[in-house]
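The structure file target.cif is reproduced below (mmCIF, C-alpha atoms).
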```cif
data_final
loop_
_atom_site.label_atom_id
_atom_site.label_comp_id
_atom_site.auth_asym_id
_atom_site.auth_seq_id
_atom_site.Cartn_x
_atom_site.Cartn_y
_atom_site.Cartn_z
CA MET A 23 19.54 22.84 -34.90
CA ILE A 24 20.11 19.20 -35.79
CA HIS A 25 23.33 19.31 -33.87
CA ALA A 26 21.56 20.53 -30.73
CA LEU A 27 18.94 17.81 -31.11
CA ARG A 28 21.63 15.19 -31.33
CA ILE A 29 23.26 16.44 -28.13
CA CYS A 30 19.90 16.31 -26.40
CA LEU A 31 19.34 12.74 -27.54
CA ILE A 32 22.77 11.61 -26.43
CA ALA A 33 22.33 13.35 -23.08
CA SER A 34 19.00 11.64 -22.48
CA PHE A 35 20.44 8.23 -23.33
CA VAL A 36 23.31 8.82 -20.94
CA CYS A 37 20.85 9.83 -18.22
CA LEU A 38 18.64 6.78 -18.77
CA GLY A 39 21.66 4.52 -18.75
CA GLY A 40 22.80 6.17 -15.53
CA VAL A 41 19.46 5.41 -13.90
CA GLY A 42 19.83 1.77 -14.87
CA ILE A 43 23.27 1.55 -13.38
CA ALA A 44 22.37 3.47 -10.23
CA ASN A 45 19.68 0.89 -9.46
CA ALA A 46 21.40 -1.06 -6.73
CA VAL A 47 20.72 -4.76 -6.58
CA PHE A 48 21.15 -6.62 -3.33
CA ILE A 49 22.20 -10.21 -3.60
CA GLU A 50 23.36 -12.17 -0.60
CA GLU A 51 23.52 -15.52 -2.23
CA ARG A 52 23.48 -16.83 -5.75
CA LEU A 53 21.76 -19.94 -6.94
CA GLU A 54 24.07 -22.34 -8.75
CA ASP A 55 22.00 -22.55 -11.90
CA PRO A 56 22.19 -19.19 -13.74
CA ALA A 57 18.70 -19.72 -15.18
CA GLU A 58 17.27 -20.21 -11.68
CA GLU A 59 19.20 -17.19 -10.41
CA GLN A 60 17.70 -15.13 -13.24
CA ARG A 61 14.22 -16.37 -12.28
CA ALA A 62 14.86 -15.41 -8.66
CA ARG A 63 15.82 -11.90 -9.74
CA ASP A 64 12.92 -11.54 -12.16
CA ILE A 65 10.45 -12.53 -9.46
CA SER A 66 12.12 -10.38 -6.81
CA ASP A 67 11.99 -7.42 -9.18
CA GLU A 68 8.20 -7.67 -9.23
CA VAL A 69 7.67 -8.06 -5.49
CA ARG A 70 7.04 -4.99 -3.40
CA CYS A 71 9.13 -4.36 -0.34
CA LEU A 72 6.45 -3.85 2.30
CA VAL A 73 8.57 -1.59 4.44
CA CYS A 74 9.75 0.80 1.72
CA GLN A 75 6.60 0.41 -0.38
CA ASN A 76 7.69 1.67 -3.76
CA GLN A 77 10.81 -0.38 -4.12
CA SER A 78 10.99 -3.96 -5.18
CA ILE A 79 12.59 -6.43 -2.80
CA LEU A 80 15.40 -6.75 -5.34
CA ASP A 81 16.59 -3.19 -4.83
CA SER A 82 15.77 -2.70 -1.19
CA ASN A 83 18.18 -3.32 1.65
CA ALA A 84 15.41 -3.55 4.27
CA ASP A 85 15.53 -6.52 6.59
CA LEU A 86 12.19 -7.87 5.45
CA ALA A 87 13.19 -7.52 1.79
CA ARG A 88 16.27 -9.63 2.48
CA ASP A 89 14.12 -12.31 4.13
CA LEU A 90 11.70 -12.31 1.22
CA ARG A 91 14.54 -12.60 -1.31
CA ALA A 92 15.79 -15.60 0.64
CA ILE A 93 12.30 -17.11 0.52
CA VAL A 94 12.06 -16.61 -3.24
CA ARG A 95 15.37 -18.45 -3.70
CA GLU A 96 14.30 -21.14 -1.28
CA ARG A 97 11.03 -21.74 -3.13
CA ILE A 98 12.85 -21.93 -6.47
CA THR A 99 15.26 -24.52 -5.08
CA ALA A 100 12.27 -26.41 -3.73
CA GLY A 101 10.96 -26.56 -7.30
CA ASP A 102 8.04 -24.11 -7.13
CA SER A 103 6.84 -22.43 -10.30
CA ASP A 104 6.89 -18.63 -10.61
CA ASP A 105 3.15 -18.48 -10.02
CA GLN A 106 3.38 -20.70 -6.96
CA ILE A 107 5.99 -18.40 -5.48
CA ARG A 108 3.85 -15.33 -6.12
CA GLU A 109 0.89 -17.15 -4.62
CA PHE A 110 2.98 -17.94 -1.53
CA LEU A 111 3.56 -14.22 -1.01
CA VAL A 112 0.05 -13.10 -1.94
CA VAL A 113 -1.51 -15.48 0.62
CA ARG A 114 0.52 -13.75 3.33
CA TYR A 115 0.65 -10.15 2.19
CA GLY A 116 -2.18 -9.74 -0.32
CA ASP A 117 -2.16 -8.58 -3.94
CA TRP A 118 -0.46 -5.43 -2.75
CA VAL A 119 2.84 -7.29 -2.52
CA LEU A 120 2.92 -7.59 -6.31
CA LEU A 121 4.17 -4.47 -8.08
CA ASP A 122 2.13 -5.58 -11.09
CA PRO A 123 -1.25 -6.38 -9.54
CA PRO A 124 -3.47 -8.95 -11.29
CA PHE A 125 -6.68 -7.88 -13.00
CA LYS A 126 -9.55 -8.91 -10.73
CA LEU A 127 -12.90 -7.54 -9.66
CA ARG A 128 -11.20 -5.86 -6.72
CA THR A 129 -8.52 -4.25 -8.87
CA ALA A 130 -10.82 -3.42 -11.80
CA LEU A 131 -11.06 0.24 -10.81
CA LEU A 132 -7.28 0.45 -10.55
CA TRP A 133 -6.82 -0.84 -14.07
CA LEU A 134 -9.84 0.74 -15.75
CA GLY A 135 -9.88 4.02 -13.79
CA PRO A 136 -7.40 5.87 -16.03
CA LEU A 137 -9.24 4.65 -19.13
CA ILE A 138 -12.59 5.80 -17.72
CA ILE A 139 -11.16 9.22 -16.83
CA PHE A 140 -9.66 9.47 -20.33
CA LEU A 141 -12.99 8.63 -21.94
CA ILE A 142 -14.81 11.22 -19.81
CA GLY A 143 -12.20 13.79 -20.85
CA LEU A 144 -12.54 12.82 -24.49
CA ALA A 145 -16.33 13.11 -24.31
CA LEU A 146 -16.03 16.59 -22.76
CA VAL A 147 -13.58 17.72 -25.45
CA VAL A 148 -15.85 16.44 -28.23
CA LEU A 149 -18.85 18.16 -26.63
CA PHE A 150 -16.94 21.42 -26.24
CA VAL A 151 -15.56 21.45 -29.76
CA ARG A 152 -18.91 20.58 -31.33
CA ARG A 153 -20.79 23.23 -29.36
CA ARG A 154 -18.23 25.84 -30.36
CA SER A 155 -18.44 25.00 -34.04
CA VAL A 156 -22.26 25.17 -33.86
CA SER A 157 -22.17 28.62 -32.27
CA GLN A 158 -19.60 29.74 -34.85
CA ALA A 159 -21.90 28.51 -37.61
CA ARG A 160 -24.67 30.66 -36.19
CA GLU A 161 -22.47 33.74 -36.39
CA THR A 162 -21.84 33.43 -40.14
CA VAL A 163 -22.49 36.60 -42.05
CA SER A 164 -25.87 36.80 -43.74
CA PRO A 165 -26.01 38.91 -46.93
CA LEU A 166 -27.56 42.40 -46.71
CA SER A 167 -31.22 42.68 -47.47
CA ASP A 168 -32.26 44.96 -50.36
CA GLU A 169 -33.34 47.72 -47.96
CA GLU A 170 -30.04 47.61 -46.09
CA ALA A 171 -28.15 47.74 -49.38
CA ALA A 172 -30.17 50.76 -50.47
CA ASP A 173 -29.57 52.55 -47.13
CA LEU A 174 -25.90 51.88 -47.39
CA GLU A 175 -25.86 53.20 -50.93
CA VAL A 176 -27.48 56.43 -49.75
CA LEU A 177 -25.00 56.86 -46.92
CA PHE A 178 -21.97 56.17 -49.10
CA GLY A 179 -23.40 58.44 -51.80
CA ALA A 180 -23.83 61.31 -49.29
CA GLU A 181 -20.35 60.85 -48.00
CA ASP A 182 -18.90 60.88 -51.50
CA LYS A 183 -20.66 64.13 -52.29
CA GLY A 184 -19.57 65.69 -48.98
CA THR A 185 -15.90 65.10 -49.69
CA LYS A 186 -16.01 66.58 -53.12
CA MET B 537 -26.48 27.94 -16.56
CA ARG B 538 -25.31 31.37 -15.42
CA LEU B 539 -23.43 29.64 -12.62
CA LYS B 540 -21.36 27.69 -15.12
CA PHE B 541 -18.28 29.69 -14.21
CA LEU B 542 -18.37 27.91 -10.83
CA LEU B 543 -17.67 24.56 -12.46
CA PRO B 544 -13.84 24.73 -12.30
CA VAL B 545 -14.05 25.99 -8.73
CA LEU B 546 -16.32 23.11 -7.71
CA THR B 547 -14.09 20.59 -9.51
CA PHE B 548 -11.12 21.96 -7.63
CA ALA B 549 -13.02 21.84 -4.35
CA ALA B 550 -13.95 18.19 -4.93
CA ILE B 551 -10.36 17.16 -5.71
CA PHE B 552 -9.13 19.18 -2.74
CA GLY B 553 -11.65 17.42 -0.49
CA VAL B 554 -10.61 13.94 -1.59
CA MET B 555 -6.92 14.72 -1.21
CA TRP B 556 -7.38 16.37 2.16
CA TYR B 557 -9.25 13.32 3.41
CA ALA B 558 -6.62 10.92 2.04
CA LEU B 559 -3.78 12.97 3.47
CA PHE B 560 -5.01 12.95 7.05
CA ASN B 561 -7.29 9.94 7.32
CA LEU B 562 -5.75 7.22 5.20
CA ASP B 563 -2.43 5.67 6.09
CA PRO B 564 -0.57 4.29 3.07
CA THR B 565 1.80 2.38 5.33
CA GLU B 566 -1.09 0.39 6.75
CA ILE B 567 -1.65 -2.69 4.65
CA PRO B 568 -4.78 -4.58 5.66
CA SER B 569 -4.05 -8.10 6.78
CA GLU B 570 -4.69 -10.79 4.25
CA LEU B 571 -5.04 -13.29 7.08
CA VAL B 572 -8.19 -11.95 8.70
CA ALA B 573 -10.76 -14.76 9.00
CA LYS B 574 -8.04 -17.33 8.34
CA PRO B 575 -6.54 -19.67 10.94
CA VAL B 576 -3.23 -18.79 12.55
CA PRO B 577 -0.48 -20.49 10.48
CA GLU B 578 1.27 -23.50 11.98
CA PHE B 579 4.28 -22.82 14.17
CA ASP B 580 5.98 -24.15 17.27
CA LEU B 581 8.53 -21.92 18.91
CA ALA B 582 10.81 -22.08 21.93
CA ALA B 583 10.16 -19.57 24.70
CA VAL B 584 12.21 -16.54 25.62
CA PRO B 585 14.51 -18.02 28.33
CA ASN B 586 12.64 -18.15 31.68
CA TYR B 587 9.40 -16.95 30.10
CA GLY B 588 7.11 -19.91 29.77
CA PRO B 589 7.09 -23.23 27.98
CA GLY B 590 7.13 -21.93 24.41
CA LEU B 591 4.42 -20.99 21.97
CA ALA B 592 2.71 -23.08 19.31
CA THR B 593 -0.37 -22.58 17.13
CA THR B 594 -2.39 -24.95 19.32
CA ASP B 595 -1.73 -22.73 22.37
CA LEU B 596 -3.75 -19.99 20.69
CA LYS B 597 -6.91 -22.10 20.38
CA THR B 598 -8.00 -21.26 23.87
CA GLY B 599 -11.77 -21.11 23.58
CA LYS B 600 -11.70 -17.36 24.21
CA ILE B 601 -10.48 -14.28 22.42
CA VAL B 602 -6.79 -13.64 23.00
CA LEU B 603 -4.15 -11.29 21.66
CA LEU B 604 -0.92 -12.23 19.92
CA ASN B 605 1.56 -9.40 20.17
CA VAL B 606 4.63 -9.29 17.95
CA PHE B 607 7.44 -7.56 19.84
CA ALA B 608 11.19 -7.19 19.88
CA SER B 609 13.75 -5.71 22.24
CA TRP B 610 15.07 -3.51 19.41
CA CYS B 611 11.61 -2.12 18.70
CA VAL B 612 11.15 1.38 20.08
CA ALA B 613 7.43 1.61 19.34
CA CYS B 614 6.91 -1.54 21.43
CA LEU B 615 7.85 0.46 24.52
CA ALA B 616 4.94 2.78 23.80
CA GLU B 617 2.31 0.05 23.91
CA HIS B 618 3.90 -2.08 26.63
CA PRO B 619 2.42 -0.25 29.66
CA LEU B 620 -1.07 -0.76 28.23
CA PHE B 621 -0.46 -4.50 27.93
CA MET B 622 0.84 -4.59 31.52
CA GLU B 623 -2.34 -2.86 32.58
CA LEU B 624 -4.53 -5.32 30.67
CA LYS B 625 -2.70 -8.17 32.36
CA GLU B 626 -3.14 -6.70 35.83
CA GLN B 627 -6.83 -6.16 35.27
CA ASN B 628 -7.16 -9.65 33.80
CA VAL B 629 -8.95 -8.30 30.74
CA VAL B 630 -7.45 -10.55 28.13
CA GLU B 631 -4.67 -13.10 27.74
CA ILE B 632 -1.77 -11.80 25.70
CA TYR B 633 0.72 -14.06 23.94
CA GLY B 634 4.10 -12.70 22.91
CA LEU B 635 5.83 -13.44 19.65
CA ASN B 636 9.40 -12.25 19.96
CA TYR B 637 10.42 -11.24 16.45
CA LYS B 638 14.01 -11.42 15.15
CA ASP B 639 15.62 -10.98 18.50
CA THR B 640 18.31 -12.71 20.52
CA PRO B 641 17.19 -14.77 23.55
CA ASP B 642 19.40 -12.75 25.82
CA ALA B 643 18.18 -9.33 24.69
CA ALA B 644 14.54 -10.45 24.75
CA ALA B 645 14.82 -11.81 28.30
CA LYS B 646 16.52 -8.63 29.53
CA TRP B 647 13.87 -6.51 27.84
CA LEU B 648 11.11 -8.43 29.64
CA VAL B 649 12.91 -8.09 32.97
CA ARG B 650 13.23 -4.36 32.50
CA ASN B 651 9.75 -3.63 31.14
CA GLY B 652 7.66 -6.35 32.74
CA ASN B 653 6.09 -9.43 31.26
CA PRO B 654 2.46 -9.12 30.18
CA TYR B 655 2.52 -12.40 28.24
CA VAL B 656 1.00 -15.73 29.21
CA ARG B 657 3.45 -17.50 26.90
CA THR B 658 6.25 -16.30 24.70
CA GLY B 659 7.78 -17.72 21.54
CA MET B 660 10.97 -16.71 19.81
CA ASP B 661 10.89 -16.27 16.06
CA GLN B 662 14.57 -15.64 15.62
CA LYS B 663 14.66 -15.98 11.85
CA GLY B 664 11.42 -14.13 11.26
CA ARG B 665 9.85 -16.97 9.30
CA VAL B 666 6.76 -17.22 11.48
CA GLY B 667 6.48 -13.46 11.12
CA ILE B 668 6.39 -13.81 7.33
CA ASP B 669 3.80 -16.60 7.58
CA LEU B 670 1.73 -14.19 9.66
CA GLY B 671 2.20 -11.38 7.15
CA VAL B 672 4.14 -9.28 9.64
CA TYR B 673 6.02 -6.45 7.96
CA GLY B 674 6.88 -4.30 10.93
CA VAL B 675 6.97 -4.50 14.70
CA PRO B 676 4.80 -4.10 16.71
CA GLU B 677 1.77 -5.81 15.30
CA THR B 678 -1.03 -7.26 17.37
CA PHE B 679 -3.37 -10.00 16.23
CA VAL B 680 -6.79 -10.58 17.75
CA ILE B 681 -7.41 -14.31 17.77
CA ALA B 682 -10.83 -15.92 17.98
CA PRO B 683 -11.68 -18.82 20.35
CA ASP B 684 -11.16 -21.32 17.50
CA GLY B 685 -7.77 -19.92 16.55
CA THR B 686 -8.74 -17.85 13.52
CA ILE B 687 -7.51 -14.31 13.13
CA LEU B 688 -10.16 -11.65 13.76
CA ASP B 689 -8.14 -8.49 13.26
CA LYS B 690 -4.63 -7.15 13.13
CA ILE B 691 -3.42 -3.88 14.55
CA ILE B 692 -0.36 -2.47 12.84
CA GLY B 693 1.88 -0.31 14.96
CA PRO B 694 1.60 0.31 18.70
CA VAL B 695 -1.76 -0.27 20.35
CA THR B 696 -2.78 3.05 21.82
CA ARG B 697 -5.55 3.54 24.34
CA ASP B 698 -7.77 4.90 21.55
CA ILE B 699 -7.19 1.86 19.38
CA TYR B 700 -7.85 -0.38 22.36
CA GLU B 701 -11.14 1.35 23.12
CA GLN B 702 -12.30 1.49 19.51
CA ARG B 703 -11.06 -1.72 17.96
CA LEU B 704 -10.09 -4.20 20.64
CA LYS B 705 -12.63 -3.61 23.39
CA PRO B 706 -15.69 -4.16 21.15
CA LEU B 707 -14.20 -7.47 19.98
CA LEU B 708 -13.30 -8.55 23.49
CA THR B 709 -16.53 -7.63 25.20
CA GLY B 710 -18.86 -8.36 22.30
CA LYS B 711 -17.92 -11.97 21.86
CA THR B 712 -16.73 -13.19 25.22
CA SER B 713 -19.88 -12.25 27.13
#
```

Would you write the structure of this file as C-alpha cells?
Amino acid sequence: MIHALRICLIASFVCLGGVGIANAVFIEERLEDPAEEQRARDISDEVRCLVCQNQSILDSNADLARDLRAIVRERITAGDSDDQIREFLVVRYGDWVLLDPPFKLRTALLWLGPLIIFLIGLALVVLFVRRRSVSQARETVSPLSDEEAADLEVLFGAEDKGTK
Amino acid sequence: MRLKFLLPVLTFAAIFGVMWYALFNLDPTEIPSELVAKPVPEFDLAAVPNYGPGLATTDLKTGKIVLLNVFASWCVACLAEHPLFMELKEQNVVEIYGLNYKDTPDAAAKWLVRNGNPYVRTGMDQKGRVGIDLGVYGVPETFVIAPDGTILDKIIGPVTRDIYEQRLKPLLTGKTS
C-alpha cells in the first residue's frame, strides 16, 4: 500500500517536472545584465499574448508576442520600472493584457465572484443540514402512553396464550 | 413548495441559458479597444510606394469622421472587406486612410494594384510599432476617427456590410450631418 503510494507520488512529480520542461520559452535576444534579463522574462511571463489568449508572451511564438517581448526588453534598457512597463502595455491593450489582472472596481466581480458563489453554497449547505437535523429531531420516538402499554400487554398476553 | 423538485431543473436551465448566449453571442477573441475616446497616438509614416505622400497623426484630424483601416498584403481577411471599402470610396461616403501593417513596400504596392486603392493616404508600419501603439493585435482592424482626431470606435476583423450598417453608418451619418 505504502509502496503504491510512493510510486504515485514519484510519478506525479515526474509529470509536473515534465510540464515545466515542456513549457517552451522563446528568446530572440538576451539582455547583457542577467538581472535585467530575468526581469524581462518575469514581466513577459505575466503578459498575455493577445493572439493566442491563454499563453503568456514568453511562451508564445506568435508575431505579436515577439514584438511585445522586444518592447519589454527595450523598455527595461530604457530604464523603465516593472510597473511602468506594465502600464505601457495596459494603456494600449487594457487590463486584459495582464494575466494577473489588478483588483479594481471593474475587476471586483472577477476577484470576488468565486468567493461570493462559495459563500452562497456554504449558506445553502448550512440551511440544508440544519433543516434536516430539525426534522430528524421531530421524528424521535416518544414513549408509549399508559393506554398503549396496556393494549400492547393484552396483545402480547393473548399471543403467548395462543402459542401454548 | 410542492414545486421544489423543479429547482435543480430551473438552475440547470439558467446555466444553460447563460452558456448558450455566451457561446453564440460573445466573441472571446474580440478585445474592446482601450483607445476609444483617446486621441490617435503620434506617428509619421512613409507611404506605400506610389500611393500618396505618407500618413501622419495630423492627417487624421480632418474636421470630419474618417476611417483608418489596418491592412496587409498577407492578410486574407482583408480581401473580404476590400470591395466594401472600394464601394465606399466610389460613392464618396467616407474618407478611408490605410495603415499598411508589417508588410514590404513591394508586396503592399502590388496588392493595391491588384485589388484597387480605396485609401486617401497610406502609411507603412513595417515594424508594427504604430500598430502596437494603436493596440492592434490582428489584421484587419478599422478605427473610426472623430473630426478632432480622437478614436470613436474600433472594428476588429473584416468590416462586413452588416457591421457597416449597424456600427459605422450611424456614426458617419449621425455626426457629419

Could you give me, as CSV, every chain B residue with an atom at most 10 Å from chain A, plus its closest atom pair and distance in Å to one decimal, counting all atoms listed in the file, rows ordered by chain then number?
```
residue,atom,partner,partner_atom,distance
B:Pro564,CA,A:Gln75,CA,8.9
B:Thr565,CA,A:Gln75,CA,7.7
B:Glu566,CA,A:Leu72,CA,9.7
B:Ile567,CA,A:Trp118,CA,8.0
B:Pro568,CA,A:Gly116,CA,8.3
B:Ser569,CA,A:Tyr115,CA,6.9
B:Glu570,CA,A:Gly116,CA,5.3
B:Leu571,CA,A:Arg114,CA,6.7
B:Pro577,CA,A:Arg114,CA,9.9
B:Lys638,CA,A:Asp85,CA,10.0
B:Lys663,CA,A:Asp89,CA,8.6
B:Gly664,CA,A:Asp89,CA,7.8
B:Arg665,CA,A:Asp89,CA,8.2
B:Gly667,CA,A:Leu86,CA,9.8
B:Ile668,CA,A:Arg114,CA,7.1
B:Asp669,CA,A:Arg114,CA,6.1
B:Leu670,CA,A:Arg114,CA,6.5
B:Gly671,CA,A:Arg114,CA,4.8
B:Val672,CA,A:Tyr115,CA,8.3
B:Tyr673,CA,A:Leu72,CA,6.2
B:Gly674,CA,A:Val73,CA,7.2
```

Expected file contents, prior selection, C-alpha atoms, as a PDB file, in the frame of the given file:
```
ATOM      1  CA  PRO B 564      -0.570   4.290   3.070  1.00  0.00           C
ATOM      2  CA  THR B 565       1.800   2.380   5.330  1.00  0.00           C
ATOM      3  CA  GLU B 566      -1.090   0.390   6.750  1.00  0.00           C
ATOM      4  CA  ILE B 567      -1.650  -2.690   4.650  1.00  0.00           C
ATOM      5  CA  PRO B 568      -4.780  -4.580   5.660  1.00  0.00           C
ATOM      6  CA  SER B 569      -4.050  -8.100   6.780  1.00  0.00           C
ATOM      7  CA  GLU B 570      -4.690 -10.790   4.250  1.00  0.00           C
ATOM      8  CA  LEU B 571      -5.040 -13.290   7.080  1.00  0.00           C
ATOM      9  CA  PRO B 577      -0.480 -20.490  10.480  1.00  0.00           C
ATOM     10  CA  LYS B 638      14.010 -11.420  15.150  1.00  0.00           C
ATOM     11  CA  LYS B 663      14.660 -15.980  11.850  1.00  0.00           C
ATOM     12  CA  GLY B 664      11.420 -14.130  11.260  1.00  0.00           C
ATOM     13  CA  ARG B 665       9.850 -16.970   9.300  1.00  0.00           C
ATOM     14  CA  GLY B 667       6.480 -13.460  11.120  1.00  0.00           C
ATOM     15  CA  ILE B 668       6.390 -13.810   7.330  1.00  0.00           C
ATOM     16  CA  ASP B 669       3.800 -16.600   7.580  1.00  0.00           C
ATOM     17  CA  LEU B 670       1.730 -14.190   9.660  1.00  0.00           C
ATOM     18  CA  GLY B 671       2.200 -11.380   7.150  1.00  0.00           C
ATOM     19  CA  VAL B 672       4.140  -9.280   9.640  1.00  0.00           C
ATOM     20  CA  TYR B 673       6.020  -6.450   7.960  1.00  0.00           C
ATOM     21  CA  GLY B 674       6.880  -4.300  10.930  1.00  0.00           C
TER      22      GLY B 674
END
```

Using the chain letters and numbers from the file, which residues does the PyMOL selection byres ((chain B and resi 685) around 7) grab, as a short mmCIF file (atom, residue, chain, number, x, y, z; two decimals) with C-alpha atoms, in the frame of the given file?
```cif
data_model
loop_
_atom_site.label_atom_id
_atom_site.label_comp_id
_atom_site.auth_asym_id
_atom_site.auth_seq_id
_atom_site.Cartn_x
_atom_site.Cartn_y
_atom_site.Cartn_z
CA PRO B 575 -6.54 -19.67 10.94
CA VAL B 576 -3.23 -18.79 12.55
CA LEU B 596 -3.75 -19.99 20.69
CA LYS B 597 -6.91 -22.10 20.38
CA ILE B 681 -7.41 -14.31 17.77
CA ALA B 682 -10.83 -15.92 17.98
CA PRO B 683 -11.68 -18.82 20.35
CA ASP B 684 -11.16 -21.32 17.50
CA THR B 686 -8.74 -17.85 13.52
CA ILE B 687 -7.51 -14.31 13.13
#
```

Edge lengths and centre in Å to one decimal, as AutoDock Vina command-line options, is what I'm after for the box along x, y and z that holds all listed atoms of stretch 603-615 of chain B once 6 Å is added on each side.
```
--center_x 5.5 --center_y -5.3 --center_z 21.2 --size_x 31.2 --size_y 25.8 --size_z 18.6
```

**Report entry** atom CA of B:Glu623 to atom CA of B:Asn636, distance in Å rounded to a single decimal
**Finding:**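 Between atom CA of B:Glu623 and atom CA of B:Asn636 the gap is 19.6 Å.
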
**Report entry** Exercise: residues within 8 Å of coordinate (1.2, -11.1, -8.3), counting only C-alpha atoms, as a PyMOL selection string
**Finding:** chain A and resi 68-69+105+108-109+112+117+119-124

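Proximity ranking of B:Gln662, B:Asn653, B:Val629, B:Ala558 relative to B:Ile601 places B:Val629 first, based on all atoms listed in the file.
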
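The space between atom CA of B:Leu542 and atom CA of B:Asn561 spans 27.8 Å.
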
**Report entry** Ground truth for the PyMOL selection byres ((chain A and resi 67) around 9), written as an NGL selection string
**Finding:** :A and (62-66 or 68-70 or 77-81 or 121)

Requested in this report: In Å, rounded to a single decimal, give me how far atom CA of B:Lys574 is from atom CA of B:Glu631.
Outcome: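 Taking atom CA of B:Glu631 and atom CA of B:Lys574, their separation equals 20.1 Å.
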
Query raised in the report: What's the 10 Å shell around B:Gly659, counting only C-alpha atoms, without same-chain residues fewer than 6 positions away, as a list in words?
Result: Phe579, Asp580, Leu581, Ala582, Ala583, Val584, Pro585, Tyr587, Gly588, Pro589, Gly590, Leu591, Ala592, Val606, Tyr633, Gly634, Leu635, Asn636 and Tyr637 of chain B

Query - Ground truth for the PyMOL selection byres ((chain B and resi 700) around 12), written as a list in words - result: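 Residues picked by the PyMOL selection byres ((chain B and resi 700) around 12): Leu603, Glu617, Leu620, Phe621, Glu623, Leu624, Val629, Val630, Thr678, Val680, Lys690, Ile691, Pro694, Val695, Thr696, Arg697, Asp698, Ile699, Glu701, Gln702, Arg703, Leu704, Lys705, Pro706, Leu707, Leu708 and Thr709 of chain B.
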
Report task. Determine the nearest neighbour of A:Asp104 from the options A:Gln60, A:Ser167, A:Thr129, A:Ser155, counting only C-alpha atoms. Result ->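 Of A:Gln60, A:Ser167, A:Thr129, A:Ser155, the one nearest A:Asp104 is A:Gln60, counting only C-alpha atoms.
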
N, CA and C atoms are what I want for stretch 74-85 of chain A; can you complete it accordingly and write them as a PDB file, in the coordinates of the input?
```
ATOM      1  N   CYS A  74       9.416  -0.421   2.470  1.00  0.00           N
ATOM      2  CA  CYS A  74       9.750   0.800   1.720  1.00  0.00           C
ATOM      3  C   CYS A  74       8.737   1.099   0.640  1.00  0.00           C
ATOM      4  N   GLN A  75       7.794   0.191   0.444  1.00  0.00           N
ATOM      5  CA  GLN A  75       6.600   0.410  -0.380  1.00  0.00           C
ATOM      6  C   GLN A  75       6.803   0.580  -1.873  1.00  0.00           C
ATOM      7  N   ASN A  76       7.606   1.526  -2.313  1.00  0.00           N
ATOM      8  CA  ASN A  76       7.690   1.670  -3.760  1.00  0.00           C
ATOM      9  C   ASN A  76       8.997   1.171  -4.345  1.00  0.00           C
ATOM     10  N   GLN A  77       9.635   0.289  -3.602  1.00  0.00           N
ATOM     11  CA  GLN A  77      10.810  -0.380  -4.120  1.00  0.00           C
ATOM     12  C   GLN A  77      10.494  -1.864  -4.216  1.00  0.00           C
ATOM     13  N   SER A  78      11.149  -2.518  -5.145  1.00  0.00           N
ATOM     14  CA  SER A  78      10.990  -3.960  -5.180  1.00  0.00           C
ATOM     15  C   SER A  78      11.939  -4.562  -4.148  1.00  0.00           C
ATOM     16  N   ILE A  79      11.707  -5.830  -3.795  1.00  0.00           N
ATOM     17  CA  ILE A  79      12.590  -6.430  -2.800  1.00  0.00           C
ATOM     18  C   ILE A  79      13.986  -6.630  -3.377  1.00  0.00           C
ATOM     19  N   LEU A  80      14.097  -6.579  -4.721  1.00  0.00           N
ATOM     20  CA  LEU A  80      15.400  -6.750  -5.340  1.00  0.00           C
ATOM     21  C   LEU A  80      16.303  -5.547  -5.073  1.00  0.00           C
ATOM     22  N   ASP A  81      15.713  -4.343  -5.033  1.00  0.00           N
ATOM     23  CA  ASP A  81      16.590  -3.190  -4.830  1.00  0.00           C
ATOM     24  C   ASP A  81      16.334  -2.490  -3.506  1.00  0.00           C
ATOM     25  N   SER A  82      15.914  -3.264  -2.519  1.00  0.00           N
ATOM     26  CA  SER A  82      15.770  -2.700  -1.190  1.00  0.00           C
ATOM     27  C   SER A  82      16.713  -3.423  -0.233  1.00  0.00           C
ATOM     28  N   ASN A  83      17.297  -2.672   0.674  1.00  0.00           N
ATOM     29  CA  ASN A  83      18.180  -3.320   1.650  1.00  0.00           C
ATOM     30  C   ASN A  83      17.488  -3.479   2.999  1.00  0.00           C
ATOM     31  N   ALA A  84      16.138  -3.350   3.016  1.00  0.00           N
ATOM     32  CA  ALA A  84      15.410  -3.550   4.270  1.00  0.00           C
ATOM     33  C   ALA A  84      15.527  -5.009   4.701  1.00  0.00           C
ATOM     34  N   ASP A  85      15.416  -5.187   5.997  1.00  0.00           N
ATOM     35  CA  ASP A  85      15.530  -6.520   6.590  1.00  0.00           C
ATOM     36  C   ASP A  85      14.515  -7.498   6.000  1.00  0.00           C
TER      37      ASP A  85
END
```
